[in-house]
Every structure is written in C-alpha cells, then in structure tokens.
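File shown: start_27.txt (compact mmCIF, C-alpha atoms and all ligand atoms).
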# COMPACT_ATOMS: atom_id res chain seq x y z
CA MET D 162 -13.58 -10.04 16.72
CA GLY D 163 -14.56 -7.38 19.31
CA ARG D 164 -16.06 -3.89 19.23
CA MET D 165 -16.42 -1.59 16.20
CA ILE D 166 -13.28 0.45 15.51
CA ARG D 167 -14.16 4.05 14.65
CA VAL D 168 -11.94 5.18 11.75
CA GLY D 169 -11.30 8.57 10.12
CA ILE D 170 -9.28 9.31 6.99
CA ASN D 171 -7.22 12.49 6.64
CA GLY D 172 -6.43 13.13 2.93
CA TYR D 173 -8.94 11.68 0.50
CA HIS D 174 -7.49 10.95 -2.91
CA THR D 175 -5.46 8.05 -4.36
CA ILE D 176 -4.80 6.11 -1.15
CA GLY D 177 -7.30 7.77 1.20
CA ALA D 178 -10.36 7.15 -1.00
CA ARG D 179 -9.43 3.48 -1.43
CA VAL D 180 -8.82 3.00 2.30
CA ALA D 181 -12.21 4.63 2.98
CA ASP D 182 -14.01 2.17 0.70
CA ALA D 183 -12.07 -0.73 2.23
CA VAL D 184 -12.96 0.37 5.79
CA LYS D 185 -16.64 0.43 4.77
CA LYS D 186 -16.32 -3.24 3.82
CA GLN D 187 -15.06 -4.34 7.28
CA SER D 188 -17.69 -5.71 9.64
CA ASP D 189 -15.64 -4.57 12.67
CA MET D 190 -15.00 -0.97 11.50
CA GLN D 191 -17.05 2.17 11.14
CA LEU D 192 -15.96 4.93 8.73
CA VAL D 193 -16.75 8.07 10.74
CA GLY D 194 -15.68 10.49 8.02
CA VAL D 195 -12.93 11.83 5.79
CA SER D 196 -11.06 15.10 5.83
CA LYS D 197 -10.64 16.99 2.54
CA VAL D 198 -9.02 20.23 1.44
CA LYS D 199 -11.26 21.09 -1.54
CA PRO D 200 -14.94 20.64 -2.45
CA ASP D 201 -13.99 18.90 -5.71
CA TYR D 202 -15.63 16.06 -7.64
CA ARG D 203 -14.18 13.47 -5.24
CA ALA D 204 -15.83 15.26 -2.30
CA ARG D 205 -19.14 15.29 -4.17
CA ILE D 206 -18.91 11.58 -5.00
CA ALA D 207 -17.98 10.81 -1.39
CA VAL D 208 -21.14 12.60 -0.22
CA GLU D 209 -23.19 10.60 -2.74
CA LYS D 210 -21.67 7.44 -1.23
CA GLY D 211 -22.89 8.55 2.18
CA ILE D 212 -19.44 9.49 3.53
CA ASP D 213 -19.29 12.41 5.97
CA ILE D 214 -16.81 15.13 4.99
CA TYR D 215 -14.75 17.24 7.38
CA ALA D 216 -12.75 20.26 6.19
CA ALA D 217 -8.96 19.93 6.46
CA ASN D 218 -8.70 23.42 8.04
CA GLU D 219 -10.62 26.68 8.56
CA ARG D 220 -9.85 27.91 5.01
CA SER D 221 -11.13 24.66 3.55
CA LEU D 222 -14.26 25.03 5.68
CA GLU D 223 -14.88 28.38 4.00
CA SER D 224 -14.53 26.95 0.49
CA PHE D 225 -16.87 24.03 1.31
CA ARG D 226 -19.43 26.53 2.62
CA ASN D 227 -19.02 28.74 -0.48
CA SER D 228 -19.69 25.74 -2.70
CA LYS D 229 -22.78 24.89 -0.65
CA MET D 230 -21.43 21.46 0.31
CA THR D 231 -22.37 20.14 3.71
CA VAL D 232 -19.45 19.41 6.01
CA LYS D 233 -19.64 18.01 9.52
CA GLY D 234 -16.90 20.28 10.86
CA THR D 235 -13.12 20.33 10.63
CA ILE D 236 -10.40 17.72 11.16
CA GLY D 237 -10.45 18.69 14.86
CA ASP D 238 -14.11 17.61 15.08
CA LEU D 239 -13.36 14.37 13.23
CA LEU D 240 -10.53 13.51 15.60
CA LYS D 241 -12.92 13.78 18.58
CA LYS D 242 -15.04 10.94 17.13
CA VAL D 243 -12.46 8.35 16.04
CA ASP D 244 -10.25 5.68 17.58
CA VAL D 245 -7.86 5.55 14.62
CA ILE D 246 -7.00 8.15 11.97
CA VAL D 247 -5.45 7.04 8.67
CA ASP D 248 -3.24 9.85 7.37
CA ALA D 249 -3.19 9.69 3.56
CA THR D 250 -2.01 13.23 2.93
CA PRO D 251 0.86 13.88 0.45
CA ASP D 252 4.47 12.93 1.26
CA GLU D 253 5.76 14.55 4.45
CA VAL D 254 2.47 16.35 5.23
CA GLY D 255 1.65 13.47 7.57
CA ALA D 256 4.64 14.28 9.77
CA SER D 257 3.22 17.75 10.45
CA ASN D 258 -0.11 16.18 11.47
CA LYS D 259 1.33 13.84 14.10
CA LEU D 260 1.13 16.48 16.84
CA ILE D 261 -2.62 17.04 16.37
CA TYR D 262 -3.19 13.28 16.54
CA GLU D 263 -1.13 13.10 19.73
CA ARG D 264 -3.08 15.96 21.27
CA ALA D 265 -6.38 14.30 20.32
CA GLY D 266 -5.20 11.02 21.86
CA VAL D 267 -6.00 8.98 18.73
CA LYS D 268 -4.01 6.22 17.10
CA GLY D 269 -2.55 7.00 13.70
CA ILE D 270 -1.57 5.13 10.55
CA PHE D 271 0.88 6.97 8.28
CA GLN D 272 1.94 6.14 4.71
CA GLY D 273 5.19 5.40 2.91
CA GLY D 274 5.82 9.03 1.95
CA GLU D 275 6.79 9.63 5.60
CA GLU D 276 10.15 8.75 7.12
CA HIS D 277 10.52 5.54 9.15
CA SER D 278 11.65 7.69 12.08
CA LEU D 279 8.17 9.28 12.33
CA THR D 280 6.79 6.13 13.98
CA ASN D 281 9.87 3.88 14.31
CA LEU D 282 7.57 1.11 13.15
CA SER D 283 7.27 0.36 9.44
CA PHE D 284 4.57 -2.18 8.68
CA VAL D 285 3.88 -5.03 6.26
CA ALA D 286 1.16 -7.29 7.68
CA GLN D 287 2.68 -10.69 6.94
CA CYS D 288 6.17 -9.63 8.09
CA ASN D 289 5.64 -7.82 11.39
CA TYR D 290 1.95 -7.51 12.38
CA GLY D 291 2.79 -8.44 15.96
CA GLN D 292 5.16 -5.50 16.43
CA ALA D 293 2.32 -3.05 15.69
CA VAL D 294 -0.17 -4.45 18.20
CA ASN D 295 -1.47 -1.71 20.54
CA LYS D 296 1.08 0.85 19.24
CA GLN D 297 -0.09 4.47 18.90
CA PHE D 298 1.55 5.17 15.53
CA VAL D 299 2.47 2.90 12.63
CA ARG D 300 3.78 3.65 9.14
CA VAL D 301 2.57 1.47 6.26
CA VAL D 302 5.53 1.29 3.86
CA SER D 303 5.40 2.37 0.21
CA CYS D 304 3.91 0.31 -2.62
CA ASN D 305 7.30 -0.90 -3.91
CA THR D 306 8.56 -1.76 -0.43
CA THR D 307 5.35 -3.66 0.35
CA ALA D 308 5.75 -5.78 -2.82
CA LEU D 309 9.45 -6.44 -2.15
CA CYS D 310 8.75 -7.41 1.48
CA ARG D 311 5.97 -9.86 0.56
CA THR D 312 8.09 -11.53 -2.14
CA LEU D 313 11.29 -11.63 -0.11
CA HIS D 314 9.35 -12.86 2.93
CA ALA D 315 8.32 -15.93 0.88
CA LEU D 316 11.94 -16.68 -0.06
CA GLU D 317 13.33 -15.91 3.40
CA ARG D 318 10.71 -18.14 5.01
CA GLY D 319 11.43 -20.96 2.57
CA SER D 320 15.17 -21.04 2.04
CA GLY D 321 16.79 -18.03 3.72
CA ILE D 322 18.23 -15.09 1.77
CA GLU D 323 21.97 -14.48 1.39
CA ARG D 324 21.44 -11.26 -0.60
CA ALA D 325 18.77 -9.60 -2.73
CA ARG D 326 19.22 -7.16 -5.65
CA ALA D 327 16.35 -5.37 -7.38
CA VAL D 328 16.07 -3.00 -10.34
CA LEU D 329 12.82 -1.03 -10.12
CA VAL D 330 11.12 0.50 -13.17
CA ARG D 331 8.74 2.99 -11.60
CA ARG D 332 5.61 4.54 -13.08
CA GLY D 333 6.18 8.25 -13.64
CA ALA D 334 2.89 9.38 -12.07
CA ASP D 335 -0.53 8.14 -11.02
CA PRO D 336 -3.13 8.20 -13.84
CA ASP D 337 -4.70 11.55 -12.87
CA GLU D 338 -1.43 13.40 -12.10
CA VAL D 339 -1.30 15.34 -15.38
CA SER D 340 1.33 17.83 -14.24
CA LYS D 341 3.97 15.16 -13.52
CA GLY D 342 6.40 13.49 -15.91
CA PRO D 343 8.45 12.22 -17.56
CA ILE D 344 6.69 12.38 -20.94
CA ASP D 345 9.61 11.13 -23.03
CA ALA D 346 12.56 9.99 -20.94
CA VAL D 347 13.89 7.34 -18.63
CA VAL D 348 14.88 9.19 -15.46
CA LEU D 349 17.45 7.84 -13.00
CA ASP D 350 15.49 7.86 -9.75
CA PRO D 351 17.92 8.57 -8.15
CA PRO D 352 21.24 8.42 -10.07
CA THR D 353 22.94 7.06 -6.95
CA VAL D 354 22.81 3.52 -5.54
CA PRO D 355 20.99 2.31 -3.52
CA SER D 356 17.57 3.88 -4.09
CA HIS D 357 15.62 4.50 -0.89
CA HIS D 358 13.76 1.20 -1.31
CA ALA D 359 16.58 -0.97 0.09
CA PRO D 360 16.77 0.79 3.48
CA ASP D 361 12.99 0.90 3.50
CA VAL D 362 12.78 -2.89 3.13
CA GLN D 363 15.37 -3.17 5.91
CA SER D 364 13.12 -1.08 8.16
CA VAL D 365 10.72 -4.07 8.05
CA MET D 366 13.06 -7.04 7.37
CA LYS D 367 15.88 -6.13 9.73
CA GLY D 368 19.39 -7.12 8.67
CA LEU D 369 18.42 -8.26 5.14
CA ASN D 370 21.26 -7.83 2.63
CA ILE D 371 19.51 -5.87 -0.16
CA VAL D 372 20.53 -3.27 -2.76
CA THR D 373 18.00 -1.52 -5.04
CA MET D 374 18.35 0.72 -8.12
CA ALA D 375 15.41 2.62 -9.66
CA VAL D 376 14.42 4.44 -12.84
CA LYS D 377 11.21 6.30 -13.68
CA VAL D 378 9.40 5.85 -17.04
CA PRO D 379 6.45 7.46 -18.89
CA GLU D 380 3.79 5.06 -17.62
CA THR D 381 1.01 5.46 -15.06
CA HIS D 382 -0.46 2.10 -14.14
CA MET D 383 2.16 -0.08 -12.42
CA HIS D 384 5.78 -0.54 -11.35
CA LEU D 385 7.89 -3.47 -12.56
CA HIS D 386 10.81 -4.99 -10.61
CA SER D 387 13.56 -7.30 -11.85
CA LEU D 388 14.50 -9.24 -8.72
CA LEU D 389 17.71 -11.26 -8.30
CA VAL D 390 18.04 -13.19 -5.05
CA THR D 391 20.84 -15.42 -3.76
CA LEU D 392 19.40 -18.00 -1.37
CA LYS D 393 21.30 -19.45 1.58
CA ARG D 394 21.11 -22.90 -0.01
CA LYS D 395 20.56 -24.55 -3.40
CA GLU D 396 16.88 -25.01 -4.21
CA SER D 397 14.88 -26.56 -7.02
CA ARG D 398 12.62 -24.28 -9.06
CA GLU D 399 9.66 -26.24 -7.77
CA VAL D 400 10.45 -25.37 -4.14
CA VAL D 401 10.84 -21.67 -5.00
CA VAL D 402 7.56 -21.60 -6.98
CA ASP D 403 5.79 -23.36 -4.09
CA ALA D 404 7.12 -20.80 -1.60
CA LEU D 405 5.89 -17.90 -3.75
CA GLU D 406 2.58 -19.61 -4.47
CA SER D 407 1.79 -20.08 -0.79
CA GLU D 408 2.74 -16.55 0.28
CA PRO D 409 -0.32 -14.46 1.21
CA ARG D 410 -1.23 -11.57 -1.09
CA LEU D 411 1.11 -12.69 -3.82
CA ALA D 412 -0.42 -13.68 -7.17
CA LEU D 413 1.34 -15.72 -9.84
CA VAL D 414 0.37 -15.10 -13.47
CA ASP D 415 1.31 -17.01 -16.58
CA ALA D 416 2.50 -15.14 -19.67
CA LYS D 417 1.22 -18.02 -21.80
CA THR D 418 -2.33 -16.90 -20.99
CA GLY D 419 -1.57 -13.57 -22.70
CA VAL D 420 -0.39 -11.55 -19.69
CA LYS D 421 2.87 -10.12 -20.98
CA SER D 422 2.69 -6.55 -19.72
CA THR D 423 1.48 -4.35 -16.89
CA ALA D 424 -1.26 -3.15 -19.27
CA ALA D 425 -2.53 -6.73 -19.57
CA LEU D 426 -2.54 -7.06 -15.76
CA ILE D 427 -4.67 -3.94 -15.39
CA ASP D 428 -6.99 -5.26 -18.09
CA MET D 429 -7.19 -8.57 -16.24
CA ALA D 430 -8.16 -6.76 -13.01
CA ARG D 431 -10.88 -4.90 -14.93
CA GLU D 432 -12.21 -8.15 -16.35
CA MET D 433 -12.14 -9.70 -12.86
CA GLY D 434 -14.46 -6.88 -11.79
CA ARG D 435 -12.00 -5.39 -9.31
CA PRO D 436 -13.14 -1.94 -8.10
CA ARG D 437 -11.05 0.78 -9.84
CA ASN D 438 -9.17 -2.18 -11.46
CA ASP D 439 -7.29 -2.48 -8.19
CA ILE D 440 -4.65 -5.19 -7.77
CA TYR D 441 -3.99 -5.63 -4.06
CA GLU D 442 -1.57 -8.52 -4.62
CA ALA D 443 2.11 -8.34 -5.59
CA VAL D 444 2.18 -10.07 -8.98
CA VAL D 445 4.98 -12.43 -10.06
CA TRP D 446 5.25 -13.89 -13.56
CA ARG D 447 5.53 -17.65 -13.05
CA ASP D 448 7.40 -17.94 -16.37
CA SER D 449 10.05 -15.51 -15.18
CA ILE D 450 10.96 -17.53 -12.08
CA SER D 451 14.37 -19.00 -12.94
CA VAL D 452 16.48 -20.91 -10.44
CA SER D 453 20.12 -21.78 -10.94
CA ASP D 454 21.79 -23.40 -7.90
CA ASN D 455 20.99 -20.86 -5.18
CA GLU D 456 20.21 -17.93 -7.54
CA VAL D 457 16.58 -16.88 -8.16
CA TYR D 458 15.46 -14.44 -10.87
CA LEU D 459 11.94 -13.10 -11.41
CA PHE D 460 9.75 -10.23 -12.64
CA LEU D 461 7.39 -8.61 -10.12
CA ALA D 462 4.61 -6.09 -10.83
CA VAL D 463 3.11 -3.61 -8.36
CA HIS D 464 -0.16 -1.70 -8.62
CA GLN D 465 0.95 1.35 -6.69
CA GLU D 466 -2.55 2.72 -6.00
CA ALA D 467 -3.88 -0.49 -4.47
CA ILE D 468 -1.21 -2.73 -2.91
CA VAL D 469 -1.02 -0.85 0.41
CA ILE D 470 -4.80 -0.83 1.01
CA PRO D 471 -4.93 -4.22 2.82
CA GLU D 472 -1.92 -3.19 4.92
CA ASN D 473 -3.77 -0.06 6.06
CA ILE D 474 -6.76 -2.16 7.14
CA ASP D 475 -4.51 -4.61 9.03
CA ALA D 476 -2.58 -1.72 10.61
CA ILE D 477 -5.89 -0.30 11.94
CA ARG D 478 -6.65 -3.66 13.57
CA ALA D 479 -3.10 -4.08 14.86
CA VAL D 480 -2.99 -0.74 16.68
CA SER D 481 -6.49 -1.38 18.05
CA GLY D 482 -5.42 -4.72 19.55
CA GLY D 483 -7.50 -7.83 20.08
CA TYR D 484 -6.75 -9.57 16.77
CA THR D 485 -4.09 -12.00 15.67
CA GLN D 486 -2.23 -11.49 12.41
CA GLU D 487 -4.12 -14.43 10.88
CA GLN D 488 -7.55 -13.15 12.01
CA SER D 489 -6.92 -9.68 10.67
CA MET D 490 -5.41 -10.72 7.34
CA LYS D 491 -8.22 -13.22 6.72
CA ALA D 492 -10.93 -10.64 7.47
CA THR D 493 -9.21 -8.12 5.18
CA ASP D 494 -8.65 -10.59 2.36
CA ASP D 495 -12.18 -12.00 2.51
CA SER D 496 -13.74 -8.53 2.43
CA LEU D 497 -11.61 -7.27 -0.47
CA GLY D 498 -11.46 -10.49 -2.49
CA ILE D 499 -7.69 -10.77 -2.17
CA THR D 500 -6.13 -13.98 -3.44
CA THR D 501 -3.10 -16.11 -2.71
CA GLY D 502 -1.61 -18.31 -5.44
CA THR D 503 -2.10 -18.46 -9.19
CA TRP D 504 -4.60 -16.23 -10.96
CA THR D 505 -6.57 -18.62 -13.10
CA THR D 506 -9.06 -16.24 -14.68
P1 LIG D 601 -2.68 12.18 -3.27
O1 LIG D 601 -2.01 13.45 -3.69
O2 LIG D 601 -3.35 11.35 -4.30
O3 LIG D 601 -3.78 12.53 -2.15
C1 LIG D 601 -3.48 13.31 -1.04
C2 LIG D 601 -4.75 14.09 -0.66
O4 LIG D 601 -4.48 14.80 0.55
C3 LIG D 601 -5.16 15.13 -1.69
O5 LIG D 601 -6.56 15.09 -1.85
C4 LIG D 601 -4.76 16.48 -1.05
O6 LIG D 601 -5.57 17.56 -1.44
C5 LIG D 601 -4.97 16.15 0.42
N1 LIG D 601 -4.26 16.98 1.38
C6 LIG D 601 -3.15 17.74 1.20
N2 LIG D 601 -2.81 18.33 2.35
C7 LIG D 601 -3.74 17.97 3.27
C8 LIG D 601 -3.95 18.27 4.64
N3 LIG D 601 -3.11 19.05 5.31
N4 LIG D 601 -5.02 17.72 5.26
C9 LIG D 601 -5.87 16.90 4.61
N5 LIG D 601 -5.72 16.59 3.31
C10 LIG D 601 -4.66 17.11 2.66
O7 LIG D 601 -1.61 11.36 -2.47
P2 LIG D 601 -1.51 9.76 -2.41
O8 LIG D 601 -0.91 9.27 -3.68
O9 LIG D 601 -2.80 9.22 -1.96
O10 LIG D 601 -0.39 9.59 -1.31
C11 LIG D 601 -0.68 9.65 0.07
C12 LIG D 601 0.41 8.94 0.83
O11 LIG D 601 0.43 7.58 0.41
C13 LIG D 601 1.82 9.47 0.57
O12 LIG D 601 2.59 9.30 1.73
C14 LIG D 601 2.35 8.55 -0.51
O13 LIG D 601 3.75 8.45 -0.55
C15 LIG D 601 1.73 7.24 -0.08
N6 LIG D 601 1.58 6.26 -1.16
C16 LIG D 601 1.15 6.63 -2.39
C17 LIG D 601 1.06 5.69 -3.39
C18 LIG D 601 0.65 6.05 -4.78
O14 LIG D 601 1.08 5.39 -5.70
N7 LIG D 601 -0.15 7.07 -5.01
C19 LIG D 601 1.36 4.36 -3.13
C20 LIG D 601 1.74 3.98 -1.83
C21 LIG D 601 1.86 4.96 -0.86
Take the structure in this file and express it as structure tokens.
Amino acid sequence: MGRMIRVGINGYHTIGARVADAVKKQSDMQLVGVSKVKPDYRARIAVEKGIDIYAANERSLESFRNSKMTVKGTIGDLLKKVDVIVDATPDEVGASNKLIYERAGVKGIFQGGEEHSLTNLSFVAQCNYGQAVNKQFVRVVSCNTTALCRTLHALERGSGIERARAVLVRRGADPDEVSKGPIDAVVLDPPTVPSHHAPDVQSVMKGLNIVTMAVKVPETHMHLHSLLVTLKRKESREVVVDALESEPRLALVDAKTGVKSTAALIDMAREMGRPRNDIYEAVVWRDSISVSDNEVYLFLAVHQEAIVIPENIDAIRAVSGGYTQEQSMKATDDSLGITTGTWTT
C-alpha cells in the first residue's frame, strides 16, 4: 500500500460517525476531521476521541463558538486539507454538496440516499471495485441494496441468475430517531411494485432480472429480506450453501444455535464485542436456504447502520487508486474484524 490518504467526513451521525471510526483503524488513512451542524453530545464525544471538528457552515460556527467548543474552521477549511471527503449528510443533502467538492478539487464518496445519477457509479466492493478506481465521485449504495448485491453476487458467480424476487421488511427508523414511525402499523413502502431497491441493485449488477417489494415495520435494529431466486441451472443445496459461504462479507448463522430473530443477531454482535453491536456482514440463515431444482429460497438480515461501512472504506481506496480490490477488501476486513462464512460463536 502507498501513501496516507487524507480523509474528511461531512455529516457525523449514524453513518458518518461509524465511517470516521473505521477510517481511524486503517493504516493507510488519516482522519483529518469531521464536519458537524450542531455542538451536540456526538460532537463532544468526537472531541474526546481526538477527532477535529469543522462547522458545517457559518451559522454552525457561531453555535459551536457559543457553546465554547473548539472547532478548526468550517467545511471549506476541511476540504483544503483532504484528498477524499465522505459525504454522510441526510438523503439528498449530498447532491447539494457536490459543487463545493468539485470546486475544492477533492474526491467524494456519497451514500445511498442520493440518486445513482449524481455519480453514475454505484458501488459495492465485491461487485464493481474496478469501475471506481481513480474516479472523482462514487456513490455507496444503500444498506438493503448492499446486502442484496453481496448475496446475489454469490449466486450469480456460482450458477447464474435467471431472475430474483425479494420482499423486504424494513426497520421503521434507526434506534435514536424518536420522531419517526410507524409505532403500530405495517406500512407499504411504497404501495407500488417494484420498490426502489430493484433498480438500485441493477445500478450495480447491470441487466439482472430483479423485482423487489417492501414494507416498513415498528422495529429499529435490522431489515429482513425473503429472497426467492431462480438460477440458470439446477443446483444441489450443497453447491448453493458453498457459494454463499465463500462470498466475502456474508455470514451464515444457524437457527439451531438460538438465533431466530434480528434481536438475537444484535445480541450476538454485542456478545462478540462488536463496537456499537455493528454487523458489517449480510447475514443469511443457513436453515432457511432451500433449493428445489433451480429455485433458491432464503432469509437475509441487514444491519442498516453498519453494512455500508466497509464499502465506504473500500470506495475511499478505489477513488484514490493504487490498490486492487483484493488488497483493499482484505485491509478493510482485517481492520474491522469482518468475517466470511459461518458465525460459530
Ligand atoms: P443521519 O441523519 O443519522 O446523519 C446525518 C448527519 O448529517 C446529521 O448529524 C445531520 O445533522 C448532519 N447534516 C445535515 N445537513 C448537513 C450539512 N449540510 N452538512 C453537514 N452535516 C449535515 O443520517 P444517516 O442515517 O447517517 O444517513 C446518511 C446517508 O447514509 C444518507 O444518504 C442515508 O440514506 C445513507 N444510509 C443510511 C443508513 C441508515 O440506516 N441510517 C444506511 C445506509 C445508508
């Protein structure tokens, strides 16, 4: 690996704070600082962790000064010191930031809340790392799309996919989003078919025949997908399990060990000592994998707050150049303790 990549984070909350901690763990990256709107508890904890804070704008600068918190300047000052900025601001705010990144001449990583057309390059490391090499702007796809791409990549690589169908049960909100719902409903999200996830998967896996439907439920910790895939040829269950088991960043769990819910998965991550109980892997229940001729059925769980963190780290390396997909993914996985294969704990 070559020189240190200087990284900044714009938007420091669910995704941004996790990417910041992950950047700090990379031996080839330096976290220059993060940009925040408010001098809240997260800003205070960031300072305690030794992270430099930059105000998101002039008004933010004023509120940081009023609260007697030290800031190193504004986002403009941060952009002068970085090679790559990771934009983790809320959905569609990133698009309005692209111009300031262009003017500053920095590379930028956007998140799944932005449209594919913002960068024309939607990224999942194991599917299309090479396409992102030396690009100025890349969009890491959403949590659900990342999980679908990893899982479908395993099946496509192994046997070829005729068509894929997925029903997504989405968490209503992240754990700290108290103003969001639903509290007591299953919400069609959206009522029409397909949900946006199918075209989003196609933005990475071009030409894949996929349809997705989604609902939202009163739950905060994970999403759950029911995935039905028709392969191009008949396969044994063993071959399908092997393909999933050897796919990077995909964990298989066994319900017989007591993991029968998303709650149990989060508990497992806590017991494994994962920071913030983060599950970076897409998780497939081994027991659910059923194969009949060329039809495959399975349940897939997605920790929305964590699954895209390794992709952000790989996207930073990809746009910086000088690394192969294998080198980058290995460095990321080793530093974050990411596994491939069955969780045996
Ligand atoms: P978030 O609301 O948790 O955090 C966004 C942060 O950005 C907040 O601290 C907010 O105050 C700050 N912010 C708002 N405007 C800003 C600006 N102009 N400049 C700097 N900071 C600003 O959002 P999130 O959940 O981390 O989502 C960020 C992106 O990641 C979105 O595109 C989202 O779709 C995507 N994403 C989110 C999840 C998830 O489950 N939370 C999963 C995958 C992808």
For Leu461 in chain D, find every residue with an atom within 6 Å (counting only C-alpha atoms), except residues of its own chain fewer than 6 positions away, and show them as a ChimeraX atom specification. /D:385-386,444-445
Nearby residues, ligand LIG 601 (chain D), 9 Å, all atoms listed in the file, as a PDB file with C-alpha atoms, in the frame of the given file:
ATOM      1  CA  ILE D 170      -9.280   9.310   6.990  1.00  0.00           C
ATOM      2  CA  ASN D 171      -7.220  12.490   6.640  1.00  0.00           C
ATOM      3  CA  GLY D 172      -6.430  13.130   2.930  1.00  0.00           C
ATOM      4  CA  TYR D 173      -8.940  11.680   0.500  1.00  0.00           C
ATOM      5  CA  HIS D 174      -7.490  10.950  -2.910  1.00  0.00           C
ATOM      6  CA  THR D 175      -5.460   8.050  -4.360  1.00  0.00           C
ATOM      7  CA  ILE D 176      -4.800   6.110  -1.150  1.00  0.00           C
ATOM      8  CA  GLY D 177      -7.300   7.770   1.200  1.00  0.00           C
ATOM      9  CA  ALA D 178     -10.360   7.150  -1.000  1.00  0.00           C
ATOM     10  CA  ARG D 179      -9.430   3.480  -1.430  1.00  0.00           C
ATOM     11  CA  VAL D 195     -12.930  11.830   5.790  1.00  0.00           C
ATOM     12  CA  SER D 196     -11.060  15.100   5.830  1.00  0.00           C
ATOM     13  CA  LYS D 197     -10.640  16.990   2.540  1.00  0.00           C
ATOM     14  CA  VAL D 198      -9.020  20.230   1.440  1.00  0.00           C
ATOM     15  CA  LYS D 199     -11.260  21.090  -1.540  1.00  0.00           C
ATOM     16  CA  ARG D 203     -14.180  13.470  -5.240  1.00  0.00           C
ATOM     17  CA  ALA D 216     -12.750  20.260   6.190  1.00  0.00           C
ATOM     18  CA  ALA D 217      -8.960  19.930   6.460  1.00  0.00           C
ATOM     19  CA  ASN D 218      -8.700  23.420   8.040  1.00  0.00           C
ATOM     20  CA  ILE D 236     -10.400  17.720  11.160  1.00  0.00           C
ATOM     21  CA  ASP D 248      -3.240   9.850   7.370  1.00  0.00           C
ATOM     22  CA  ALA D 249      -3.190   9.690   3.560  1.00  0.00           C
ATOM     23  CA  THR D 250      -2.010  13.230   2.930  1.00  0.00           C
ATOM     24  CA  PRO D 251       0.860  13.880   0.450  1.00  0.00           C
ATOM     25  CA  ASP D 252       4.470  12.930   1.260  1.00  0.00           C
ATOM     26  CA  GLU D 253       5.760  14.550   4.450  1.00  0.00           C
ATOM     27  CA  VAL D 254       2.470  16.350   5.230  1.00  0.00           C
ATOM     28  CA  GLY D 255       1.650  13.470   7.570  1.00  0.00           C
ATOM     29  CA  SER D 257       3.220  17.750  10.450  1.00  0.00           C
ATOM     30  CA  ASN D 258      -0.110  16.180  11.470  1.00  0.00           C
ATOM     31  CA  PHE D 271       0.880   6.970   8.280  1.00  0.00           C
ATOM     32  CA  GLN D 272       1.940   6.140   4.710  1.00  0.00           C
ATOM     33  CA  GLY D 273       5.190   5.400   2.910  1.00  0.00           C
ATOM     34  CA  GLY D 274       5.820   9.030   1.950  1.00  0.00           C
ATOM     35  CA  GLU D 275       6.790   9.630   5.600  1.00  0.00           C
ATOM     36  CA  VAL D 301       2.570   1.470   6.260  1.00  0.00           C
ATOM     37  CA  VAL D 302       5.530   1.290   3.860  1.00  0.00           C
ATOM     38  CA  SER D 303       5.400   2.370   0.210  1.00  0.00           C
ATOM     39  CA  CYS D 304       3.910   0.310  -2.620  1.00  0.00           C
ATOM     40  CA  ASN D 305       7.300  -0.900  -3.910  1.00  0.00           C
ATOM     41  CA  THR D 307       5.350  -3.660   0.350  1.00  0.00           C
ATOM     42  CA  ARG D 332       5.610   4.540 -13.080  1.00  0.00           C
ATOM     43  CA  ALA D 334       2.890   9.380 -12.070  1.00  0.00           C
ATOM     44  CA  ASP D 335      -0.530   8.140 -11.020  1.00  0.00           C
ATOM     45  CA  ASP D 337      -4.700  11.550 -12.870  1.00  0.00           C
ATOM     46  CA  GLU D 338      -1.430  13.400 -12.100  1.00  0.00           C
ATOM     47  CA  MET D 383       2.160  -0.080 -12.420  1.00  0.00           C
ATOM     48  CA  HIS D 464      -0.160  -1.700  -8.620  1.00  0.00           C
ATOM     49  CA  GLN D 465       0.950   1.350  -6.690  1.00  0.00           C
ATOM     50  CA  GLU D 466      -2.550   2.720  -6.000  1.00  0.00           C
ATOM     51  CA  ALA D 467      -3.880  -0.490  -4.470  1.00  0.00           C
ATOM     52  CA  ILE D 468      -1.210  -2.730  -2.910  1.00  0.00           C
ATOM     53  CA  VAL D 469      -1.020  -0.850   0.410  1.00  0.00           C
ATOM     54  CA  ILE D 470      -4.800  -0.830   1.010  1.00  0.00           C
TER      55      ILE D 470
END
Counting only C-alpha atoms, the residue among D:Asn438, D:Ser422, D:Ser407, D:Ser364 that lies closest to Ser278 in chain D is D:Ser364
| message | When you count all atoms listed in the file, which of these residues is closest to Gly502 in chain D: D:Leu459, D:Trp446, D:Met433, D:Asn295? | response |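 Comparing D:Leu459, D:Trp446, D:Met433, D:Asn295 against Gly502 in chain D, the winner is D:Trp446.
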Using Å and a single decimal, report how far CA of Met490 in chain D sits from CA of Asp428 in chain D.
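So the answer is 26.1 Å.
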